[in-house]
$ cat entry-v8.cif   # mmCIF, N, CA and C atoms
data_model
loop_
_atom_site.label_atom_id
_atom_site.label_comp_id
_atom_site.auth_asym_id
_atom_site.auth_seq_id
_atom_site.Cartn_x
_atom_site.Cartn_y
_atom_site.Cartn_z
N VAL A 1 10.25 24.67 -15.69
CA VAL A 1 8.92 24.27 -16.12
C VAL A 1 8.76 24.48 -17.61
N MET A 2 9.19 25.62 -18.10
CA MET A 2 9.03 25.91 -19.52
C MET A 2 9.84 24.94 -20.38
N SER A 3 10.98 24.48 -19.90
CA SER A 3 11.79 23.54 -20.69
C SER A 3 11.10 22.18 -20.83
N GLN A 4 10.13 21.89 -19.98
CA GLN A 4 9.41 20.61 -20.01
C GLN A 4 8.00 20.73 -20.60
N GLN A 5 7.66 21.89 -21.10
CA GLN A 5 6.31 22.15 -21.57
C GLN A 5 5.84 21.15 -22.63
N SER A 6 6.71 20.73 -23.53
CA SER A 6 6.30 19.81 -24.60
C SER A 6 5.90 18.45 -24.03
N ARG A 7 6.49 18.04 -22.93
CA ARG A 7 6.13 16.75 -22.31
C ARG A 7 4.76 16.80 -21.66
N PHE A 8 4.42 17.93 -21.10
CA PHE A 8 3.16 18.04 -20.36
C PHE A 8 2.02 18.58 -21.21
N GLY A 9 2.26 18.88 -22.47
CA GLY A 9 1.24 19.46 -23.34
C GLY A 9 0.06 18.55 -23.59
N MET A 10 0.19 17.27 -23.31
CA MET A 10 -0.90 16.32 -23.54
C MET A 10 -1.90 16.28 -22.39
N ILE A 11 -1.62 16.99 -21.31
CA ILE A 11 -2.54 17.05 -20.17
C ILE A 11 -3.64 18.07 -20.46
N ILE A 12 -4.89 17.68 -20.23
CA ILE A 12 -6.01 18.59 -20.46
C ILE A 12 -6.53 19.10 -19.12
N ASP A 13 -7.36 20.15 -19.16
CA ASP A 13 -7.91 20.72 -17.94
C ASP A 13 -8.55 19.64 -17.07
N GLY A 14 -8.26 19.65 -15.80
CA GLY A 14 -8.82 18.70 -14.85
C GLY A 14 -7.98 17.44 -14.69
N GLU A 15 -6.89 17.31 -15.47
CA GLU A 15 -6.04 16.12 -15.37
C GLU A 15 -4.75 16.43 -14.60
N ARG A 16 -4.16 15.35 -14.10
CA ARG A 16 -2.84 15.45 -13.48
C ARG A 16 -2.12 14.12 -13.65
N ILE A 17 -0.81 14.20 -13.71
CA ILE A 17 0.03 13.01 -13.79
C ILE A 17 0.47 12.67 -12.37
N ILE A 18 0.33 11.41 -12.01
CA ILE A 18 0.73 10.93 -10.69
C ILE A 18 2.01 10.11 -10.87
N GLY A 19 2.98 10.32 -10.00
CA GLY A 19 4.22 9.58 -10.11
C GLY A 19 5.03 9.65 -8.84
N GLU A 20 6.24 9.11 -8.94
CA GLU A 20 7.14 9.13 -7.79
C GLU A 20 8.44 9.79 -8.21
N TRP A 21 8.94 10.64 -7.34
CA TRP A 21 10.18 11.37 -7.55
C TRP A 21 11.28 10.61 -6.83
N LEU A 22 12.22 10.03 -7.58
CA LEU A 22 13.27 9.18 -7.02
C LEU A 22 14.59 9.92 -6.82
N ALA A 23 14.57 11.22 -6.75
CA ALA A 23 15.80 11.99 -6.65
C ALA A 23 16.48 11.84 -5.28
N LEU A 24 15.71 11.67 -4.23
CA LEU A 24 16.23 11.55 -2.87
C LEU A 24 15.94 10.14 -2.36
N ALA A 25 16.97 9.44 -1.89
CA ALA A 25 16.76 8.09 -1.34
C ALA A 25 15.92 8.22 -0.07
N HIS A 26 14.83 7.45 -0.01
CA HIS A 26 14.02 7.46 1.20
C HIS A 26 13.87 6.04 1.75
N GLY A 27 13.27 5.10 1.01
CA GLY A 27 13.14 3.74 1.50
C GLY A 27 13.85 2.71 0.64
N THR A 28 14.20 3.10 -0.59
CA THR A 28 14.89 2.21 -1.52
C THR A 28 16.03 2.98 -2.17
N MET A 29 17.18 2.34 -2.31
CA MET A 29 18.33 2.97 -2.96
C MET A 29 18.30 2.61 -4.45
N TYR A 30 18.64 3.59 -5.31
CA TYR A 30 18.65 3.39 -6.75
C TYR A 30 19.96 3.87 -7.36
N ASP A 31 20.37 3.22 -8.43
CA ASP A 31 21.39 3.73 -9.33
C ASP A 31 20.60 4.00 -10.61
N LEU A 32 20.01 5.17 -10.69
CA LEU A 32 19.03 5.47 -11.74
C LEU A 32 19.63 5.44 -13.14
N PRO A 33 19.04 4.62 -14.03
CA PRO A 33 19.46 4.62 -15.43
C PRO A 33 18.66 5.64 -16.25
N HIS A 34 17.85 6.44 -15.58
CA HIS A 34 16.95 7.39 -16.25
C HIS A 34 16.71 8.58 -15.33
N GLU A 35 15.94 9.53 -15.81
CA GLU A 35 15.59 10.69 -14.98
C GLU A 35 14.87 10.24 -13.71
N PRO A 36 14.75 11.09 -12.69
CA PRO A 36 14.22 10.65 -11.41
C PRO A 36 12.70 10.57 -11.30
N PHE A 37 11.93 11.11 -12.24
CA PHE A 37 10.48 11.06 -12.13
C PHE A 37 9.94 9.84 -12.87
N VAL A 38 9.14 9.02 -12.16
CA VAL A 38 8.50 7.84 -12.75
C VAL A 38 6.99 8.03 -12.64
N ALA A 39 6.33 8.16 -13.79
CA ALA A 39 4.88 8.40 -13.84
C ALA A 39 4.13 7.08 -13.84
N PHE A 40 3.09 6.98 -13.00
CA PHE A 40 2.33 5.73 -12.95
C PHE A 40 0.83 5.90 -13.07
N ASP A 41 0.36 7.12 -13.29
CA ASP A 41 -1.08 7.30 -13.44
C ASP A 41 -1.39 8.65 -14.06
N ILE A 42 -2.54 8.71 -14.71
CA ILE A 42 -3.14 9.99 -15.10
C ILE A 42 -4.53 9.98 -14.49
N MET A 43 -4.84 11.05 -13.78
CA MET A 43 -6.18 11.16 -13.20
C MET A 43 -6.89 12.35 -13.83
N HIS A 44 -8.15 12.15 -14.11
CA HIS A 44 -9.01 13.25 -14.56
C HIS A 44 -9.98 13.49 -13.42
N GLU A 45 -9.82 14.63 -12.77
CA GLU A 45 -10.54 14.94 -11.53
C GLU A 45 -10.30 13.81 -10.54
N HIS A 46 -11.32 12.98 -10.21
CA HIS A 46 -11.13 11.92 -9.22
C HIS A 46 -11.09 10.52 -9.84
N HIS A 47 -10.96 10.45 -11.16
CA HIS A 47 -10.99 9.16 -11.85
C HIS A 47 -9.65 8.87 -12.52
N ARG A 48 -9.19 7.64 -12.37
CA ARG A 48 -7.96 7.19 -13.03
C ARG A 48 -8.28 6.78 -14.46
N LEU A 49 -7.38 7.09 -15.39
CA LEU A 49 -7.54 6.61 -16.75
C LEU A 49 -7.25 5.12 -16.79
N PRO A 50 -7.98 4.36 -17.62
CA PRO A 50 -7.65 2.95 -17.78
C PRO A 50 -6.19 2.78 -18.22
N TYR A 51 -5.59 1.66 -17.87
CA TYR A 51 -4.17 1.42 -18.08
C TYR A 51 -3.72 1.69 -19.52
N MET A 52 -4.40 1.10 -20.50
CA MET A 52 -3.94 1.24 -21.88
C MET A 52 -4.03 2.69 -22.37
N ARG A 53 -5.05 3.42 -21.97
CA ARG A 53 -5.14 4.84 -22.35
C ARG A 53 -4.03 5.64 -21.68
N MET A 54 -3.74 5.33 -20.42
CA MET A 54 -2.67 6.02 -19.72
C MET A 54 -1.33 5.78 -20.41
N VAL A 55 -1.03 4.52 -20.74
CA VAL A 55 0.24 4.19 -21.39
C VAL A 55 0.36 4.90 -22.74
N GLU A 56 -0.71 4.92 -23.52
CA GLU A 56 -0.68 5.62 -24.80
C GLU A 56 -0.29 7.08 -24.63
N ARG A 57 -0.78 7.71 -23.58
CA ARG A 57 -0.53 9.13 -23.35
C ARG A 57 0.85 9.40 -22.77
N LEU A 58 1.38 8.48 -21.94
CA LEU A 58 2.65 8.72 -21.26
C LEU A 58 3.87 8.19 -22.01
N ARG A 59 3.68 7.13 -22.81
CA ARG A 59 4.81 6.48 -23.48
C ARG A 59 5.59 7.48 -24.34
N GLY A 60 6.91 7.43 -24.19
CA GLY A 60 7.78 8.31 -24.95
C GLY A 60 7.93 9.70 -24.34
N ARG A 61 7.14 10.01 -23.33
CA ARG A 61 7.22 11.30 -22.65
C ARG A 61 7.78 11.15 -21.23
N PHE A 62 7.41 10.05 -20.57
CA PHE A 62 7.78 9.84 -19.18
C PHE A 62 8.24 8.41 -18.96
N VAL A 63 9.14 8.21 -18.01
CA VAL A 63 9.50 6.87 -17.56
C VAL A 63 8.31 6.34 -16.78
N MET A 64 7.99 5.06 -16.98
CA MET A 64 6.88 4.42 -16.28
C MET A 64 7.37 3.16 -15.58
N PRO A 65 6.65 2.70 -14.56
CA PRO A 65 7.04 1.45 -13.90
C PRO A 65 6.95 0.28 -14.88
N ARG A 66 7.69 -0.74 -14.59
CA ARG A 66 7.66 -1.97 -15.39
C ARG A 66 6.33 -2.69 -15.15
N LEU A 67 5.68 -3.09 -16.23
CA LEU A 67 4.48 -3.90 -16.13
C LEU A 67 4.90 -5.34 -15.89
N LEU A 68 4.47 -5.92 -14.79
CA LEU A 68 4.85 -7.29 -14.44
C LEU A 68 3.85 -8.33 -14.95
N HIS A 69 2.60 -7.93 -15.09
CA HIS A 69 1.56 -8.86 -15.53
C HIS A 69 0.35 -8.07 -16.00
N TYR A 70 -0.34 -8.61 -17.01
CA TYR A 70 -1.58 -8.01 -17.49
C TYR A 70 -2.54 -9.15 -17.76
N GLY A 71 -3.72 -9.09 -17.21
CA GLY A 71 -4.70 -10.15 -17.46
C GLY A 71 -5.31 -10.67 -16.19
N GLN A 72 -5.42 -11.98 -16.12
CA GLN A 72 -6.07 -12.64 -14.98
C GLN A 72 -5.27 -12.43 -13.69
N PRO A 73 -5.93 -12.58 -12.54
CA PRO A 73 -5.25 -12.38 -11.25
C PRO A 73 -4.04 -13.32 -11.08
N VAL A 74 -3.04 -12.81 -10.37
CA VAL A 74 -1.86 -13.60 -10.00
C VAL A 74 -1.58 -13.37 -8.52
N SER A 75 -0.85 -14.30 -7.93
CA SER A 75 -0.57 -14.24 -6.50
C SER A 75 0.56 -13.26 -6.17
N VAL A 76 0.61 -12.89 -4.91
CA VAL A 76 1.71 -12.06 -4.40
C VAL A 76 3.04 -12.79 -4.60
N ASP A 77 3.09 -14.08 -4.32
CA ASP A 77 4.33 -14.84 -4.50
C ASP A 77 4.81 -14.78 -5.95
N TRP A 78 3.90 -14.96 -6.89
CA TRP A 78 4.27 -14.92 -8.31
C TRP A 78 4.85 -13.56 -8.69
N ILE A 79 4.20 -12.48 -8.23
CA ILE A 79 4.66 -11.13 -8.53
C ILE A 79 6.01 -10.86 -7.88
N MET A 80 6.20 -11.25 -6.63
CA MET A 80 7.46 -10.98 -5.94
C MET A 80 8.63 -11.73 -6.59
N LYS A 81 8.39 -12.92 -7.11
CA LYS A 81 9.45 -13.62 -7.86
C LYS A 81 9.77 -12.86 -9.14
N ARG A 82 8.77 -12.34 -9.78
CA ARG A 82 8.97 -11.57 -11.02
C ARG A 82 9.73 -10.28 -10.73
N ILE A 83 9.44 -9.65 -9.62
CA ILE A 83 10.15 -8.42 -9.24
C ILE A 83 11.63 -8.70 -9.05
N ASP A 84 11.97 -9.82 -8.42
CA ASP A 84 13.38 -10.17 -8.24
C ASP A 84 14.10 -10.28 -9.58
N ILE A 85 13.41 -10.78 -10.61
CA ILE A 85 14.00 -10.90 -11.94
C ILE A 85 14.17 -9.52 -12.57
N ASP A 86 13.21 -8.64 -12.38
CA ASP A 86 13.17 -7.34 -13.05
C ASP A 86 13.71 -6.17 -12.23
N ARG A 87 14.35 -6.43 -11.11
CA ARG A 87 14.71 -5.38 -10.17
C ARG A 87 15.62 -4.29 -10.73
N SER A 88 16.37 -4.59 -11.78
CA SER A 88 17.29 -3.58 -12.32
C SER A 88 16.62 -2.60 -13.28
N TYR A 89 15.36 -2.81 -13.60
CA TYR A 89 14.67 -1.95 -14.57
C TYR A 89 14.79 -0.47 -14.21
N HIS A 90 14.58 -0.14 -12.96
CA HIS A 90 14.72 1.25 -12.51
C HIS A 90 16.00 1.47 -11.72
N GLY A 91 16.89 0.49 -11.70
CA GLY A 91 18.18 0.65 -11.05
C GLY A 91 18.15 0.44 -9.55
N ALA A 92 17.13 -0.26 -9.03
CA ALA A 92 17.07 -0.50 -7.59
C ALA A 92 18.26 -1.34 -7.15
N THR A 93 18.96 -0.88 -6.12
CA THR A 93 20.06 -1.65 -5.56
C THR A 93 19.64 -2.33 -4.26
N ASP A 94 18.48 -1.95 -3.73
CA ASP A 94 17.87 -2.61 -2.57
C ASP A 94 16.72 -3.48 -3.08
N ASP A 95 16.17 -4.29 -2.16
CA ASP A 95 14.97 -5.05 -2.52
C ASP A 95 13.83 -4.07 -2.82
N ILE A 96 13.03 -4.40 -3.83
CA ILE A 96 11.87 -3.59 -4.17
C ILE A 96 10.84 -3.75 -3.05
N GLU A 97 10.15 -2.65 -2.70
CA GLU A 97 9.26 -2.68 -1.54
C GLU A 97 8.01 -3.52 -1.73
N GLY A 98 7.54 -3.68 -2.95
CA GLY A 98 6.31 -4.44 -3.17
C GLY A 98 5.77 -4.19 -4.56
N ALA A 99 4.46 -4.32 -4.71
CA ALA A 99 3.84 -4.18 -6.02
C ALA A 99 2.42 -3.64 -5.87
N VAL A 100 1.91 -3.10 -6.97
CA VAL A 100 0.55 -2.56 -7.01
C VAL A 100 -0.26 -3.38 -8.01
N TRP A 101 -1.46 -3.75 -7.59
CA TRP A 101 -2.41 -4.39 -8.48
C TRP A 101 -3.43 -3.34 -8.89
N ARG A 102 -3.65 -3.19 -10.18
CA ARG A 102 -4.60 -2.23 -10.73
C ARG A 102 -5.75 -3.06 -11.32
N VAL A 103 -6.91 -2.98 -10.73
CA VAL A 103 -8.04 -3.79 -11.16
C VAL A 103 -9.00 -2.92 -11.97
N GLU A 104 -9.21 -3.33 -13.22
CA GLU A 104 -10.11 -2.61 -14.11
C GLU A 104 -11.25 -3.53 -14.53
N ARG A 105 -12.44 -2.96 -14.57
CA ARG A 105 -13.63 -3.71 -15.00
C ARG A 105 -14.48 -2.79 -15.86
N ARG A 106 -14.98 -3.35 -16.95
CA ARG A 106 -15.85 -2.61 -17.86
C ARG A 106 -15.22 -1.30 -18.32
N GLY A 107 -13.90 -1.33 -18.58
CA GLY A 107 -13.21 -0.17 -19.12
C GLY A 107 -12.91 0.94 -18.13
N GLU A 108 -13.06 0.68 -16.84
CA GLU A 108 -12.76 1.67 -15.82
C GLU A 108 -11.91 1.06 -14.71
N VAL A 109 -11.13 1.90 -14.05
CA VAL A 109 -10.34 1.43 -12.91
C VAL A 109 -11.30 1.25 -11.74
N ASP A 110 -11.38 0.04 -11.24
CA ASP A 110 -12.27 -0.28 -10.12
C ASP A 110 -11.57 0.05 -8.80
N PHE A 111 -10.33 -0.46 -8.65
CA PHE A 111 -9.58 -0.17 -7.43
C PHE A 111 -8.13 -0.54 -7.63
N LEU A 112 -7.27 -0.07 -6.73
CA LEU A 112 -5.86 -0.44 -6.68
C LEU A 112 -5.60 -1.11 -5.34
N ALA A 113 -4.68 -2.06 -5.32
CA ALA A 113 -4.26 -2.70 -4.08
C ALA A 113 -2.74 -2.75 -4.10
N LYS A 114 -2.13 -2.58 -2.95
CA LYS A 114 -0.68 -2.58 -2.87
C LYS A 114 -0.22 -3.58 -1.82
N TYR A 115 0.77 -4.39 -2.21
CA TYR A 115 1.44 -5.29 -1.27
C TYR A 115 2.80 -4.69 -0.96
N VAL A 116 3.14 -4.60 0.32
CA VAL A 116 4.46 -4.12 0.75
C VAL A 116 5.11 -5.22 1.59
N ARG A 117 6.38 -5.53 1.26
CA ARG A 117 7.12 -6.55 2.00
C ARG A 117 7.06 -6.29 3.51
N HIS A 118 6.96 -7.33 4.28
CA HIS A 118 6.87 -7.19 5.74
C HIS A 118 8.15 -6.62 6.36
N ASP A 119 9.29 -6.77 5.67
CA ASP A 119 10.55 -6.29 6.24
C ASP A 119 10.97 -4.91 5.71
N LYS A 120 10.12 -4.28 4.92
CA LYS A 120 10.45 -2.95 4.40
C LYS A 120 10.51 -1.94 5.56
N VAL A 121 11.51 -1.07 5.52
CA VAL A 121 11.65 -0.03 6.54
C VAL A 121 11.37 1.31 5.87
N ASP A 122 10.27 1.95 6.22
CA ASP A 122 9.92 3.24 5.64
C ASP A 122 10.96 4.29 6.02
N GLY A 123 11.39 5.06 5.04
CA GLY A 123 12.27 6.20 5.27
C GLY A 123 13.63 5.87 5.84
N LYS A 124 14.14 4.66 5.61
CA LYS A 124 15.40 4.27 6.26
C LYS A 124 16.59 5.10 5.82
N TYR A 125 16.51 5.82 4.70
CA TYR A 125 17.63 6.64 4.23
C TYR A 125 17.42 8.14 4.46
N LEU A 126 16.26 8.54 4.95
CA LEU A 126 15.96 9.97 5.04
C LEU A 126 16.91 10.73 5.96
N ASP A 127 17.42 10.11 6.98
CA ASP A 127 18.33 10.82 7.90
C ASP A 127 19.74 10.95 7.32
N GLN A 128 19.99 10.34 6.14
CA GLN A 128 21.32 10.38 5.54
C GLN A 128 21.44 11.40 4.40
N ASP A 129 20.31 11.96 3.96
CA ASP A 129 20.33 12.99 2.92
C ASP A 129 21.10 12.52 1.67
N ILE A 130 20.69 11.39 1.10
CA ILE A 130 21.36 10.81 -0.06
C ILE A 130 20.60 11.19 -1.32
N TRP A 131 21.20 12.07 -2.11
CA TRP A 131 20.58 12.51 -3.36
C TRP A 131 21.05 11.61 -4.49
N LEU A 132 20.10 11.04 -5.23
CA LEU A 132 20.39 10.15 -6.34
C LEU A 132 20.45 10.91 -7.66
N TRP A 133 19.95 12.13 -7.65
CA TRP A 133 19.90 12.97 -8.85
C TRP A 133 19.74 14.41 -8.39
N THR A 134 20.48 15.29 -9.00
CA THR A 134 20.33 16.71 -8.71
C THR A 134 20.36 17.48 -10.02
N PRO A 135 19.60 18.54 -10.16
CA PRO A 135 19.58 19.32 -11.40
C PRO A 135 20.97 19.87 -11.73
N GLY A 136 21.37 19.73 -12.98
CA GLY A 136 22.61 20.32 -13.45
C GLY A 136 23.87 19.53 -13.17
N HIS A 137 23.79 18.42 -12.47
CA HIS A 137 24.98 17.63 -12.16
C HIS A 137 25.44 16.88 -13.41
N ALA A 138 26.74 16.82 -13.64
CA ALA A 138 27.30 16.22 -14.86
C ALA A 138 26.96 14.75 -15.02
N ASP A 139 26.75 14.03 -13.92
CA ASP A 139 26.45 12.59 -14.00
C ASP A 139 24.96 12.29 -14.17
N ASN A 140 24.12 13.32 -14.23
CA ASN A 140 22.68 13.08 -14.36
C ASN A 140 22.36 12.34 -15.64
N LYS A 141 21.41 11.44 -15.56
CA LYS A 141 20.93 10.77 -16.75
C LYS A 141 19.98 11.73 -17.46
N GLY A 142 19.87 11.61 -18.75
CA GLY A 142 19.01 12.49 -19.52
C GLY A 142 17.54 12.23 -19.27
N LEU A 143 16.72 13.16 -19.74
CA LEU A 143 15.29 12.98 -19.66
C LEU A 143 14.89 11.85 -20.60
N VAL A 144 13.72 11.33 -20.39
CA VAL A 144 13.23 10.20 -21.19
C VAL A 144 13.31 10.54 -22.67
N ASP A 145 13.78 9.58 -23.47
CA ASP A 145 13.77 9.82 -24.91
C ASP A 145 12.87 8.80 -25.60
N ASN A 146 13.11 7.55 -25.44
CA ASN A 146 12.23 6.56 -26.07
C ASN A 146 11.91 5.42 -25.13
N VAL A 147 11.50 5.74 -23.95
CA VAL A 147 11.16 4.71 -22.96
C VAL A 147 9.83 4.10 -23.34
#
$ encode --input "entry-v8.cif" --output "structure tokens"
Amino acid sequence: VMSQQSRFGMIIDGERIIGEWLALAHGTMYDLPHEPFVAFDIMHEHHRLPYMRMVERLRGRFVMPRLLHYGQPVSVDWIMKRIDIDRSYHGATDDIEGAVWRVERRGEVDFLAKYVRHDKVDGKYLDQDIWLWTPGHADNKGLVDNV
């Protein structure tokens, strides 16, 4: 924890970083080109920070998901085609499970919606104990430097 203190120093009282830990294969297999933690939100108490404020705070400190679109609404089909193009961004070797839509209005996060592929199998790797990253292993990718 102390070795990571400089990365988390930007968090103020009442805030937390929300993310996904990709160290253990659970529903998607990865060949990680980066550290295993991917941050996708900052919450202050029960409120999400707007996207641009969140990115300003996390950029250069944490790996973040790839932004597929910003602006007017787009269809699930459009996003899923884009995911197929961008699938290597986080080193996914399986199909990506889906996408999240973050809807903001008047400078605040109104709601999030998630689409998950109909053929996704939750936890399909959990019984195999496949570790994609372990602390201290020589093949580990370094922590984020200029993501």
$ resolve_selection --input "entry-v8.cif" --expression "the PyMOL selection byres ((chain A and resi 36-50) around 7)" --output "ChimeraX atom specification"
/A:13-23,34-35,51-55,62-65,107-109,133
$ closest_residue --input "entry-v8.cif" --among "A:Ala25, A:Trp78, A:Arg102, A:Gln4" --to "Trp131 of chain A" --atoms "all atoms listed in the file"
A:Ala25
$ residues_near_point --input "entry-v8.cif" --point "(25.4, -2.4, -10.5)" --cutoff "8 Å" --atoms "only C-alpha atoms" --output "ChimeraX atom specification"
/A:31,91,93
$ closest_residue --input "entry-v8.cif" --among "A:Tyr115, A:Met80, A:Gln5, A:Ser88" --to "Trp101 of chain A" --atoms "all atoms listed in the file"
A:Tyr115
$ atom_distance --input "entry-v8.cif" --atom1 "atom N of Asp77 of chain A" --atom2 "atom CA of Glu56 of chain A"
28.7 Å
$ atom_distance --input "entry-v8.cif" --atom1 "atom C of Tyr70 of chain A" --atom2 "atom CA of Glu97 of chain A"
21.1 Å
$ select_by_dssp --input "entry-v8.cif" --residues "segment 2-144 of chain A" --states "strand (DSSP E or B)" --output "PyMOL selection string"
chain A and resi 15-21+24+30+37-44+47-48+63+92+98-105+108-116+131
$ closest_residue --input "entry-v8.cif" --among "A:Ser3, A:Thr134, A:Gln72, A:Gln128" --to "Arg105 of chain A" --atoms "only C-alpha atoms"
A:Gln72
$ closest_residue --input "entry-v8.cif" --among "A:Glu104, A:Gly27, A:Arg59, A:Asp84" --to "Lys120 of chain A" --atoms "only N, CA and C atoms"
A:Gly27
$ atom_distance --input "entry-v8.cif" --atom1 "atom CA of Ile79 of chain A" --atom2 "atom CA of Leu132 of chain A"
26.6 Å
$ closest_residue --input "entry-v8.cif" --among "A:Leu68, A:Val100, A:Ala92, A:Ile11" --to "Met29 of chain A" --atoms "all atoms listed in the file"
A:Ala92
